[in-house]
>>> print(open('query-v5.pdb').read())   # PDB, C-alpha atoms
ATOM      1  CA  MET L  33     174.195 -76.709 -31.304
ATOM      2  CA  ALA L  34     172.025 -74.985 -28.708
ATOM      3  CA  ARG L  35     171.620 -71.991 -31.015
ATOM      4  CA  ALA L  36     170.701 -74.176 -33.943
ATOM      5  CA  GLY L  37     168.241 -76.035 -31.751
ATOM      6  CA  GLY L  38     166.785 -72.739 -30.611
ATOM      7  CA  ARG L  39     166.253 -71.637 -34.184
ATOM      8  CA  ARG L  40     164.572 -74.910 -35.000
ATOM      9  CA  ALA L  41     162.312 -74.632 -31.941
ATOM     10  CA  GLY L  42     161.256 -71.095 -32.896
ATOM     11  CA  THR L  43     160.470 -71.908 -36.522
ATOM     12  CA  ARG L  44     156.742 -72.181 -37.368
ATOM     13  CA  LYS L  45     155.589 -74.117 -40.335
ATOM     14  CA  HIS L  46     153.007 -72.075 -42.236
ATOM     15  CA  ARG L  47     150.037 -73.931 -43.661
ATOM     16  CA  PRO L  48     149.351 -73.491 -47.355
ATOM     17  CA  PHE L  49     146.831 -70.758 -48.200
ATOM     18  CA  TRP L  50     144.435 -73.280 -49.731
ATOM     19  CA  VAL L  51     144.284 -75.051 -46.355
ATOM     20  CA  GLU L  52     143.508 -71.822 -44.478
ATOM     21  CA  LEU L  53     141.006 -70.553 -47.062
ATOM     22  CA  PRO L  54     138.017 -72.624 -45.814
ATOM     23  CA  LEU L  55     138.683 -71.374 -42.262
ATOM     24  CA  LEU L  56     138.798 -67.756 -43.439
ATOM     25  CA  ILE L  57     135.574 -68.192 -45.396
ATOM     26  CA  GLY L  58     133.928 -69.771 -42.363
ATOM     27  CA  ILE L  59     134.983 -66.884 -40.107
ATOM     28  CA  ALA L  60     133.727 -64.353 -42.677
ATOM     29  CA  LEU L  61     130.354 -66.096 -42.920
ATOM     30  CA  VAL L  62     129.985 -66.245 -39.124
ATOM     31  CA  LEU L  63     130.777 -62.534 -38.850
ATOM     32  CA  ALA L  64     128.311 -61.755 -41.635
ATOM     33  CA  LEU L  65     125.644 -63.798 -39.853
ATOM     34  CA  LEU L  66     126.266 -61.982 -36.564
ATOM     35  CA  ILE L  67     126.130 -58.596 -38.290
ATOM     36  CA  LYS L  68     122.910 -59.536 -40.080
ATOM     37  CA  THR L  69     121.304 -60.812 -36.886
ATOM     38  CA  PHE L  70     122.266 -58.030 -34.509
ATOM     39  CA  LEU L  71     123.551 -54.982 -36.428
ATOM     40  CA  LEU L  72     122.686 -54.400 -40.087
ATOM     41  CA  GLN L  73     120.864 -56.276 -42.800
ATOM     42  CA  ALA L  74     120.562 -55.579 -46.508
ATOM     43  CA  PHE L  75     117.158 -55.393 -48.160
ATOM     44  CA  SER L  76     116.205 -54.967 -51.800
ATOM     45  CA  ILE L  77     113.456 -52.495 -52.746
ATOM     46  CA  PRO L  78     110.794 -54.552 -54.564
ATOM     47  CA  SER L  79     108.473 -51.838 -55.917
ATOM     48  CA  ASP L  80     108.033 -48.168 -56.814
ATOM     49  CA  SER L  81     105.984 -47.298 -53.716
ATOM     50  CA  MET L  82     108.803 -45.274 -52.100
ATOM     51  CA  GLN L  83     109.888 -43.251 -55.138
ATOM     52  CA  ASN L  84     111.726 -40.989 -55.454
ATOM     53  CA  THR L  85     113.324 -41.568 -52.075
ATOM     54  CA  LEU L  86     113.960 -45.181 -53.050
ATOM     55  CA  GLN L  87     113.960 -46.743 -56.480
ATOM     56  CA  LYS L  88     113.013 -50.295 -57.341
ATOM     57  CA  GLY L  89     116.166 -52.407 -57.104
ATOM     58  CA  ASP L  90     117.939 -50.167 -54.585
ATOM     59  CA  ARG L  91     119.670 -51.954 -51.715
ATOM     60  CA  VAL L  92     119.258 -50.391 -48.295
ATOM     61  CA  LEU L  93     120.943 -51.199 -45.010
ATOM     62  CA  VAL L  94     118.600 -51.592 -42.062
ATOM     63  CA  ASP L  95     119.615 -50.851 -38.478
ATOM     64  CA  LYS L  96     118.626 -53.850 -36.350
ATOM     65  CA  LEU L  97     120.740 -52.924 -33.314
ATOM     66  CA  THR L  98     118.809 -49.934 -31.949
ATOM     67  CA  PRO L  99     115.575 -51.873 -31.247
ATOM     68  CA  TRP L 100     117.561 -54.190 -28.968
ATOM     69  CA  PHE L 101     117.914 -51.231 -26.592
ATOM     70  CA  GLY L 102     114.176 -50.553 -26.479
ATOM     71  CA  SER L 103     114.052 -47.847 -29.142
ATOM     72  CA  GLU L 104     110.833 -47.738 -31.166
ATOM     73  CA  PRO L 105     110.227 -46.260 -34.632
ATOM     74  CA  GLU L 106     109.656 -42.522 -34.768
ATOM     75  CA  ARG L 107     107.710 -40.288 -37.110
ATOM     76  CA  GLY L 108     109.464 -39.727 -40.426
ATOM     77  CA  GLU L 109     111.680 -42.803 -40.327
ATOM     78  CA  VAL L 110     111.753 -45.221 -43.243
ATOM     79  CA  ILE L 111     111.238 -48.687 -41.808
ATOM     80  CA  VAL L 112     111.238 -52.298 -42.969
ATOM     81  CA  PHE L 113     108.536 -54.463 -41.424
ATOM     82  CA  HIS L 114     107.058 -57.924 -41.813
ATOM     83  CA  ASP L 115     103.758 -58.179 -43.659
ATOM     84  CA  PRO L 116     101.349 -57.390 -40.791
ATOM     85  CA  ALA L 117      98.095 -58.795 -42.161
ATOM     86  CA  GLY L 118      98.354 -60.258 -45.647
ATOM     87  CA  TRP L 119      99.187 -57.025 -47.472
ATOM     88  CA  LEU L 120     101.257 -59.006 -49.985
ATOM     89  CA  ASP L 121      99.004 -62.027 -50.380
ATOM     90  CA  ASP L 122      97.951 -61.110 -53.921
ATOM     91  CA  LEU L 123     101.450 -60.349 -55.179
ATOM     92  CA  PRO L 124     103.322 -63.102 -57.043
ATOM     93  CA  VAL L 125     106.797 -63.907 -55.761
ATOM     94  CA  ASP L 126     109.717 -65.683 -57.376
ATOM     95  CA  PRO L 127     111.051 -68.314 -54.964
ATOM     96  CA  PRO L 128     114.789 -67.817 -54.323
ATOM     97  CA  ASN L 129     117.204 -70.515 -55.412
ATOM     98  CA  THR L 130     119.462 -72.374 -52.978
ATOM     99  CA  VAL L 131     122.423 -70.027 -53.431
ATOM    100  CA  GLN L 132     120.231 -66.962 -52.813
ATOM    101  CA  LYS L 133     118.815 -68.561 -49.678
ATOM    102  CA  VAL L 134     122.257 -69.294 -48.261
ATOM    103  CA  LEU L 135     123.740 -65.890 -49.093
ATOM    104  CA  SER L 136     120.709 -64.018 -47.768
ATOM    105  CA  PHE L 137     120.745 -66.118 -44.591
ATOM    106  CA  VAL L 138     124.265 -64.993 -43.767
ATOM    107  CA  GLY L 139     123.515 -61.422 -44.812
ATOM    108  CA  VAL L 140     125.804 -61.281 -47.855
ATOM    109  CA  MET L 141     122.862 -60.675 -50.198
ATOM    110  CA  PRO L 142     119.629 -58.780 -49.529
ATOM    111  CA  SER L 143     117.062 -60.752 -47.624
ATOM    112  CA  ALA L 144     115.323 -63.579 -49.452
ATOM    113  CA  GLU L 145     112.294 -62.983 -47.246
ATOM    114  CA  GLU L 146     109.577 -61.872 -49.654
ATOM    115  CA  LYS L 147     107.049 -60.865 -46.991
ATOM    116  CA  ASP L 148     108.717 -57.629 -45.937
ATOM    117  CA  LEU L 149     107.613 -54.100 -46.792
ATOM    118  CA  ILE L 150     109.223 -50.676 -46.585
ATOM    119  CA  LYS L 151     107.298 -47.458 -45.853
ATOM    120  CA  ARG L 152     107.632 -44.163 -44.000
ATOM    121  CA  VAL L 153     106.263 -43.795 -40.467
ATOM    122  CA  ILE L 154     103.720 -40.965 -40.404
ATOM    123  CA  GLY L 155     102.076 -41.548 -37.026
ATOM    124  CA  VAL L 156     102.998 -43.399 -33.835
ATOM    125  CA  GLY L 157     100.916 -44.477 -30.842
ATOM    126  CA  GLY L 158      98.683 -41.649 -29.636
ATOM    127  CA  ASP L 159      98.885 -39.583 -32.834
ATOM    128  CA  THR L 160      95.859 -38.454 -34.813
ATOM    129  CA  VAL L 161      96.616 -38.635 -38.537
ATOM    130  CA  GLU L 162      94.218 -37.191 -41.084
ATOM    131  CA  CYS L 163      93.928 -36.108 -44.671
ATOM    132  CA  ALA L 164      91.081 -34.739 -46.748
ATOM    133  CA  GLY L 165      91.011 -34.487 -50.520
ATOM    134  CA  ASP L 166      94.463 -33.941 -51.941
ATOM    135  CA  GLY L 167      96.009 -33.034 -48.602
ATOM    136  CA  PRO L 168      98.092 -32.017 -46.810
ATOM    137  CA  VAL L 169      98.552 -34.837 -44.314
ATOM    138  CA  LYS L 170      98.089 -33.591 -40.757
ATOM    139  CA  VAL L 171      99.516 -35.142 -37.612
ATOM    140  CA  ASN L 172      97.962 -33.921 -34.368
ATOM    141  CA  GLY L 173      96.531 -30.989 -36.314
ATOM    142  CA  LYS L 174      99.900 -29.965 -37.769
ATOM    143  CA  ALA L 175     100.177 -29.980 -41.575
ATOM    144  CA  LEU L 176     103.252 -31.801 -42.854
ATOM    145  CA  ASP L 177     105.560 -30.281 -45.462
ATOM    146  CA  GLU L 178     106.481 -33.343 -47.541
ATOM    147  CA  PRO L 179     109.031 -32.570 -50.267
ATOM    148  CA  TYR L 180     109.825 -36.297 -50.453
ATOM    149  CA  VAL L 181     106.408 -37.076 -51.991
ATOM    150  CA  PHE L 182     106.777 -38.269 -55.592
ATOM    151  CA  PRO L 183     106.672 -35.348 -58.066
ATOM    152  CA  GLY L 184     103.197 -34.919 -59.510
ATOM    153  CA  ASN L 185     101.570 -36.788 -56.605
ATOM    154  CA  THR L 186      99.346 -35.200 -54.007
ATOM    155  CA  PRO L 187      99.942 -35.990 -50.311
ATOM    156  CA  CYS L 188      96.631 -37.861 -50.195
ATOM    157  CA  SER L 189      94.277 -39.369 -52.726
ATOM    158  CA  ASN L 190      90.773 -38.069 -53.244
ATOM    159  CA  ASP L 191      89.087 -41.461 -53.028
ATOM    160  CA  ALA L 192      87.184 -43.529 -50.476
ATOM    161  CA  LYS L 193      90.239 -44.724 -48.532
ATOM    162  CA  GLY L 194      92.585 -41.911 -49.477
ATOM    163  CA  THR L 195      90.596 -39.574 -47.246
ATOM    164  CA  PHE L 196      90.861 -40.540 -43.585
ATOM    165  CA  LYS L 197      91.172 -39.553 -39.958
ATOM    166  CA  VAL L 198      92.577 -42.107 -37.531
ATOM    167  CA  THR L 199      93.998 -42.234 -34.029
ATOM    168  CA  VAL L 200      96.945 -44.594 -33.784
ATOM    169  CA  PRO L 201      96.677 -47.061 -30.856
ATOM    170  CA  PRO L 202      99.612 -47.774 -28.526
ATOM    171  CA  ASP L 203     102.353 -49.974 -30.033
ATOM    172  CA  ARG L 204     101.057 -49.355 -33.554
ATOM    173  CA  LEU L 205     102.286 -47.282 -36.519
ATOM    174  CA  TRP L 206     100.549 -45.534 -39.408
ATOM    175  CA  VAL L 207     102.745 -45.833 -42.503
ATOM    176  CA  MET L 208     102.587 -44.402 -46.007
ATOM    177  CA  GLY L 209     104.700 -44.705 -49.133
ATOM    178  CA  ASP L 210     106.357 -41.627 -50.627
ATOM    179  CA  HIS L 211     104.818 -42.442 -54.033
ATOM    180  CA  ARG L 212     101.374 -41.731 -52.662
ATOM    181  CA  GLN L 213      99.338 -42.666 -55.733
ATOM    182  CA  ALA L 214     101.256 -45.948 -56.148
ATOM    183  CA  SER L 215     101.468 -47.196 -52.562
ATOM    184  CA  SER L 216      99.180 -49.751 -50.966
ATOM    185  CA  ASP L 217      99.868 -48.635 -47.404
ATOM    186  CA  SER L 218      97.943 -48.128 -44.157
ATOM    187  CA  ARG L 219      95.227 -46.185 -45.994
ATOM    188  CA  TYR L 220      94.229 -49.154 -48.111
ATOM    189  CA  HIS L 221      94.285 -51.820 -45.403
ATOM    190  CA  SER L 222      91.996 -50.172 -42.877
ATOM    191  CA  ASP L 223      89.705 -53.215 -42.986
ATOM    192  CA  ASP L 224      92.371 -55.721 -41.880
ATOM    193  CA  ARG L 225      92.722 -57.018 -38.320
ATOM    194  CA  ASN L 226      95.047 -54.127 -37.416
ATOM    195  CA  ASN L 227      92.899 -51.432 -39.075
ATOM    196  CA  GLY L 228      95.788 -50.679 -41.395
ATOM    197  CA  MET L 229      98.245 -50.139 -38.546
ATOM    198  CA  VAL L 230     101.629 -51.867 -38.300
ATOM    199  CA  PRO L 231     102.371 -53.498 -34.925
ATOM    200  CA  VAL L 232     105.683 -52.238 -33.549
ATOM    201  CA  ASP L 233     106.834 -55.810 -32.915
ATOM    202  CA  GLU L 234     106.596 -56.521 -36.671
ATOM    203  CA  VAL L 235     109.250 -53.888 -37.427
ATOM    204  CA  VAL L 236     112.606 -55.292 -38.564
ATOM    205  CA  GLY L 237     114.428 -51.983 -38.250
ATOM    206  CA  ARG L 238     115.034 -48.552 -39.693
ATOM    207  CA  ALA L 239     116.509 -48.127 -43.178
ATOM    208  CA  VAL L 240     119.489 -45.835 -42.634
ATOM    209  CA  VAL L 241     121.377 -45.745 -45.925
ATOM    210  CA  ILE L 242     121.083 -46.590 -49.611
ATOM    211  CA  ALA L 243     124.059 -48.878 -50.133
ATOM    212  CA  TRP L 244     123.603 -49.856 -53.789
ATOM    213  CA  PRO L 245     123.961 -48.788 -56.527
ATOM    214  CA  VAL L 246     126.978 -46.700 -55.610
ATOM    215  CA  SER L 247     125.693 -43.786 -57.700
ATOM    216  CA  ARG L 248     122.700 -43.492 -55.366
ATOM    217  CA  TRP L 249     124.544 -43.828 -52.068
ATOM    218  CA  SER L 250     122.939 -41.571 -49.456
ATOM    219  CA  SER L 251     121.616 -41.586 -45.921
ATOM    220  CA  LEU L 252     117.899 -41.626 -45.076
ATOM    221  CA  PRO L 253     117.410 -38.915 -42.442
ATOM    222  CA  VAL L 254     114.147 -37.922 -40.768
ATOM    223  CA  PRO L 255     112.654 -34.922 -42.632
ATOM    224  CA  ASP L 256     112.610 -31.662 -40.696
ATOM    225  CA  THR L 257     108.825 -31.356 -40.879
ATOM    226  CA  PHE L 258     108.375 -34.092 -38.275
ATOM    227  CA  SER L 259     110.243 -32.071 -35.661
ATOM    228  CA  THR L 260     107.371 -29.576 -35.695
ATOM    229  CA  VAL L 261     104.690 -32.142 -34.844
ATOM    230  CA  ALA L 262     103.348 -31.815 -31.307
ATOM    231  CA  GLY L 263     104.307 -34.766 -29.131
ATOM    232  CA  ALA L 264     101.023 -36.505 -28.568
ATOM    233  CA  ALA L 265     102.544 -39.977 -28.716
ATOM    234  CA  LEU L 266     101.730 -42.433 -25.968
ATOM    235  CA  LEU L 267     104.509 -43.789 -23.799
ATOM    236  CA  PRO L 268     105.205 -47.511 -24.179
ATOM    237  CA  GLY L 269     103.765 -49.536 -21.337
ATOM    238  CA  SER L 270     107.042 -50.066 -19.479
ATOM    239  CA  ALA L 271     108.056 -46.420 -19.832
ATOM    240  CA  ALA L 272     104.656 -45.253 -18.617
ATOM    241  CA  VAL L 273     104.941 -47.436 -15.508
ATOM    242  CA  ALA L 274     108.490 -46.202 -14.859
ATOM    243  CA  ALA L 275     107.331 -42.600 -15.152
ATOM    244  CA  ALA L 276     104.371 -43.198 -12.821
ATOM    245  CA  VAL L 277     106.321 -44.840  -9.981
ATOM    246  CA  PRO L 278     108.079 -41.652  -8.715
ATOM    247  CA  LEU L 279     104.774 -39.793  -8.758
ATOM    248  CA  LEU L 280     103.044 -42.514  -6.754
ATOM    249  CA  LEU L 281     105.886 -42.623  -4.225
ATOM    250  CA  LEU L 282     105.799 -38.844  -3.835
ATOM    251  CA  ARG L 283     102.039 -38.899  -3.341
ATOM    252  CA  ARG L 284     102.348 -41.672  -0.748
ATOM    253  CA  ARG L 285     105.102 -39.760   1.091
ATOM    254  CA  ARG L 286     102.965 -36.661   1.249
ATOM    255  CA  ALA L 287     100.024 -38.690   2.528
ATOM    256  CA  LEU L 288     102.179 -40.099   5.361
ATOM    257  CA  HIS L 289     103.059 -36.567   6.463
TER     258      HIS L 289
END
>>> encode(input="query-v5.pdb", output="structure tokens")
Amino acid sequence: MARAGGRRAGTRKHRPFWVELPLLIGIALVLALLIKTFLLQAFSIPSDSMQNTLQKGDRVLVDKLTPWFGSEPERGEVIVFHDPAGWLDDLPVDPPNTVQKVLSFVGVMPSAEEKDLIKRVIGVGGDTVECAGDGPVKVNGKALDEPYVFPGNTPCSNDAKGTFKVTVPPDRLWVMGDHRQASSDSRYHSDDRNNGMVPVDEVVGRAVVIAWPVSRWSSLPVPDTFSTVAGAALLPGSAAVAAAVPLLLLRRRRALH
């Protein structure tokens, strides 16, 4: 009797799968929401401005974790950022339906946010970026080798705003599309409140991989040409202060002696 009782005490009654299914779905949605908020988020490419690196309709995964540790965008990275100053005001948008809103909110589908853009970072705070005529683009006097520029395009456009020379302020970015003659980027918004620059705090994250369609799966590395650019970038405010403190302490110590 004791043995039989023991067997009865150790027996667990399993709930039917249909009862557990809502719980499993809920856990999956919570995990997807956490991943979307803190790790990765899917975005859909809305235009041809980044061809041939990205095609319209591609889905990319954007790294949202790194910025949490104080990392800022670097030259050559492909980034997603919020519309900084009405760049998309004249473009019609199709409002997402309820299902699209829910699925994009939890990160299952690409973002339903229609005010995001994707471009390549060409210059960061402290850089001088310039281009005359058809190019090449120069950063801090160094000409870029840009094999990612759309075939048949020139690195710059020989028009009023396609020719430029700018110095990027601290905490700002100069961005350009890879399809240079089909990209309304920093060059063509120089009269907005940011002078065409993208504030660093408007950046969602770096696009790291093409996730869909499967036939186009690939990573999005920083092109080698950007490793040759002289480091003229300004330190972020907090980093500059941190770097200055040891020097000030050393100077004060020497003064005391």
>>> residues_around(input="query-v5.pdb", residues="range 148-160 of chain L", least_positions_apart="6", cutoff="7 Å", atoms="only C-alpha atoms", output="JSON list (two decimals) with C-alpha atoms, keeping the file's coordinate frame")
[["chain", "number", "residue", "atom", "x", "y", "z"],
["L", 82, "MET", "CA", 108.80, -45.27, -52.10],
["L", 106, "GLU", "CA", 109.66, -42.52, -34.77],
["L", 107, "ARG", "CA", 107.71, -40.29, -37.11],
["L", 108, "GLY", "CA", 109.46, -39.73, -40.43],
["L", 109, "GLU", "CA", 111.68, -42.80, -40.33],
["L", 110, "VAL", "CA", 111.75, -45.22, -43.24],
["L", 111, "ILE", "CA", 111.24, -48.69, -41.81],
["L", 112, "VAL", "CA", 111.24, -52.30, -42.97],
["L", 113, "PHE", "CA", 108.54, -54.46, -41.42],
["L", 114, "HIS", "CA", 107.06, -57.92, -41.81],
["L", 115, "ASP", "CA", 103.76, -58.18, -43.66],
["L", 171, "VAL", "CA", 99.52, -35.14, -37.61],
["L", 172, "ASN", "CA", 97.96, -33.92, -34.37],
["L", 198, "VAL", "CA", 92.58, -42.11, -37.53],
["L", 199, "THR", "CA", 94.00, -42.23, -34.03],
["L", 200, "VAL", "CA", 96.94, -44.59, -33.78],
["L", 201, "PRO", "CA", 96.68, -47.06, -30.86],
["L", 202, "PRO", "CA", 99.61, -47.77, -28.53],
["L", 203, "ASP", "CA", 102.35, -49.97, -30.03],
["L", 204, "ARG", "CA", 101.06, -49.36, -33.55],
["L", 205, "LEU", "CA", 102.29, -47.28, -36.52],
["L", 206, "TRP", "CA", 100.55, -45.53, -39.41],
["L", 207, "VAL", "CA", 102.74, -45.83, -42.50],
["L", 208, "MET", "CA", 102.59, -44.40, -46.01],
["L", 209, "GLY", "CA", 104.70, -44.70, -49.13],
["L", 264, "ALA", "CA", 101.02, -36.51, -28.57],
["L", 265, "ALA", "CA", 102.54, -39.98, -28.72],
["L", 266, "LEU", "CA", 101.73, -42.43, -25.97]]
>>> atom_distance(input="query-v5.pdb", atom1="CA of Leu252 in chain L", atom2="CA of Asp177 in chain L")
16.8 Å
>>> resolve_selection(input="query-v5.pdb", expression="the PyMOL selection byres ((chain L and resi 191-194) around 8)", output="ChimeraX atom specification")
/L:163-165,188-190,195-196,219-220
>>> residues_around(input="query-v5.pdb", residues="Gly89 in chain L", least_positions_apart="5", cutoff="9 Å", atoms="all atoms listed in the file", output="list of chain:residue names")
L:Ser76, L:Ile77, L:Pro78, L:Ser79, L:Trp244, L:Pro245
>>> atom_distance(input="query-v5.pdb", atom1="CA of Pro168 in chain L", atom2="CA of Arg238 in chain L")
24.7 Å
>>> build_atoms(input="query-v5.pdb", residues="range 82-98 of chain L", atoms="N, CA, C and O atoms", output="CSV table (one decimal), keeping the file's coordinate frame")
chain,number,residue,atom,x,y,z
L,82,MET,N,108.1,-46.3,-52.9
L,82,MET,CA,108.8,-45.3,-52.1
L,82,MET,C,109.6,-44.3,-53.0
L,82,MET,O,110.5,-43.6,-52.5
L,83,GLN,N,109.2,-44.2,-54.3
L,83,GLN,CA,109.9,-43.3,-55.1
L,83,GLN,C,109.5,-41.8,-54.7
L,83,GLN,O,108.4,-41.6,-54.2
L,84,ASN,N,110.4,-40.8,-54.9
L,84,ASN,CA,111.7,-41.0,-55.5
L,84,ASN,C,112.8,-41.2,-54.4
L,84,ASN,O,114.0,-41.2,-54.7
L,85,THR,N,112.4,-41.3,-53.1
L,85,THR,CA,113.3,-41.6,-52.1
L,85,THR,C,114.1,-42.8,-52.3
L,85,THR,O,115.3,-42.9,-52.2
L,86,LEU,N,113.4,-43.9,-52.7
L,86,LEU,CA,114.0,-45.2,-53.0
L,86,LEU,C,113.4,-45.6,-54.4
L,86,LEU,O,112.2,-45.5,-54.7
L,87,GLN,N,114.3,-46.2,-55.2
L,87,GLN,CA,114.0,-46.7,-56.5
L,87,GLN,C,113.9,-48.3,-56.4
L,87,GLN,O,114.6,-48.9,-55.6
L,88,LYS,N,113.1,-48.8,-57.3
L,88,LYS,CA,113.0,-50.3,-57.3
L,88,LYS,C,114.4,-50.8,-57.7
L,88,LYS,O,115.0,-50.4,-58.6
L,89,GLY,N,114.8,-51.8,-56.9
L,89,GLY,CA,116.2,-52.4,-57.1
L,89,GLY,C,117.2,-51.8,-56.2
L,89,GLY,O,118.3,-52.4,-56.1
L,90,ASP,N,117.0,-50.7,-55.6
L,90,ASP,CA,117.9,-50.2,-54.6
L,90,ASP,C,118.2,-51.2,-53.5
L,90,ASP,O,117.3,-52.0,-53.1
L,91,ARG,N,119.4,-51.2,-52.9
L,91,ARG,CA,119.7,-52.0,-51.7
L,91,ARG,C,119.8,-51.0,-50.5
L,91,ARG,O,120.6,-50.0,-50.6
L,92,VAL,N,119.1,-51.2,-49.5
L,92,VAL,CA,119.3,-50.4,-48.3
L,92,VAL,C,119.8,-51.2,-47.1
L,92,VAL,O,119.6,-52.4,-47.1
L,93,LEU,N,120.5,-50.5,-46.2
L,93,LEU,CA,120.9,-51.2,-45.0
L,93,LEU,C,120.0,-50.8,-43.9
L,93,LEU,O,119.7,-49.6,-43.7
L,94,VAL,N,119.6,-51.8,-43.1
L,94,VAL,CA,118.6,-51.6,-42.1
L,94,VAL,C,119.2,-51.8,-40.7
L,94,VAL,O,119.9,-52.8,-40.5
L,95,ASP,N,119.1,-50.8,-39.8
L,95,ASP,CA,119.6,-50.9,-38.5
L,95,ASP,C,118.8,-51.8,-37.6
L,95,ASP,O,117.6,-51.5,-37.3
L,96,LYS,N,119.3,-52.9,-37.2
L,96,LYS,CA,118.6,-53.8,-36.4
L,96,LYS,C,119.1,-53.8,-34.9
L,96,LYS,O,118.6,-54.5,-34.0
L,97,LEU,N,120.2,-53.0,-34.7
L,97,LEU,CA,120.7,-52.9,-33.3
L,97,LEU,C,119.9,-52.1,-32.4
L,97,LEU,O,119.7,-52.5,-31.2
L,98,THR,N,119.5,-50.9,-32.8
L,98,THR,CA,118.8,-49.9,-31.9
L,98,THR,C,117.6,-50.5,-31.2
L,98,THR,O,117.4,-50.3,-30.0
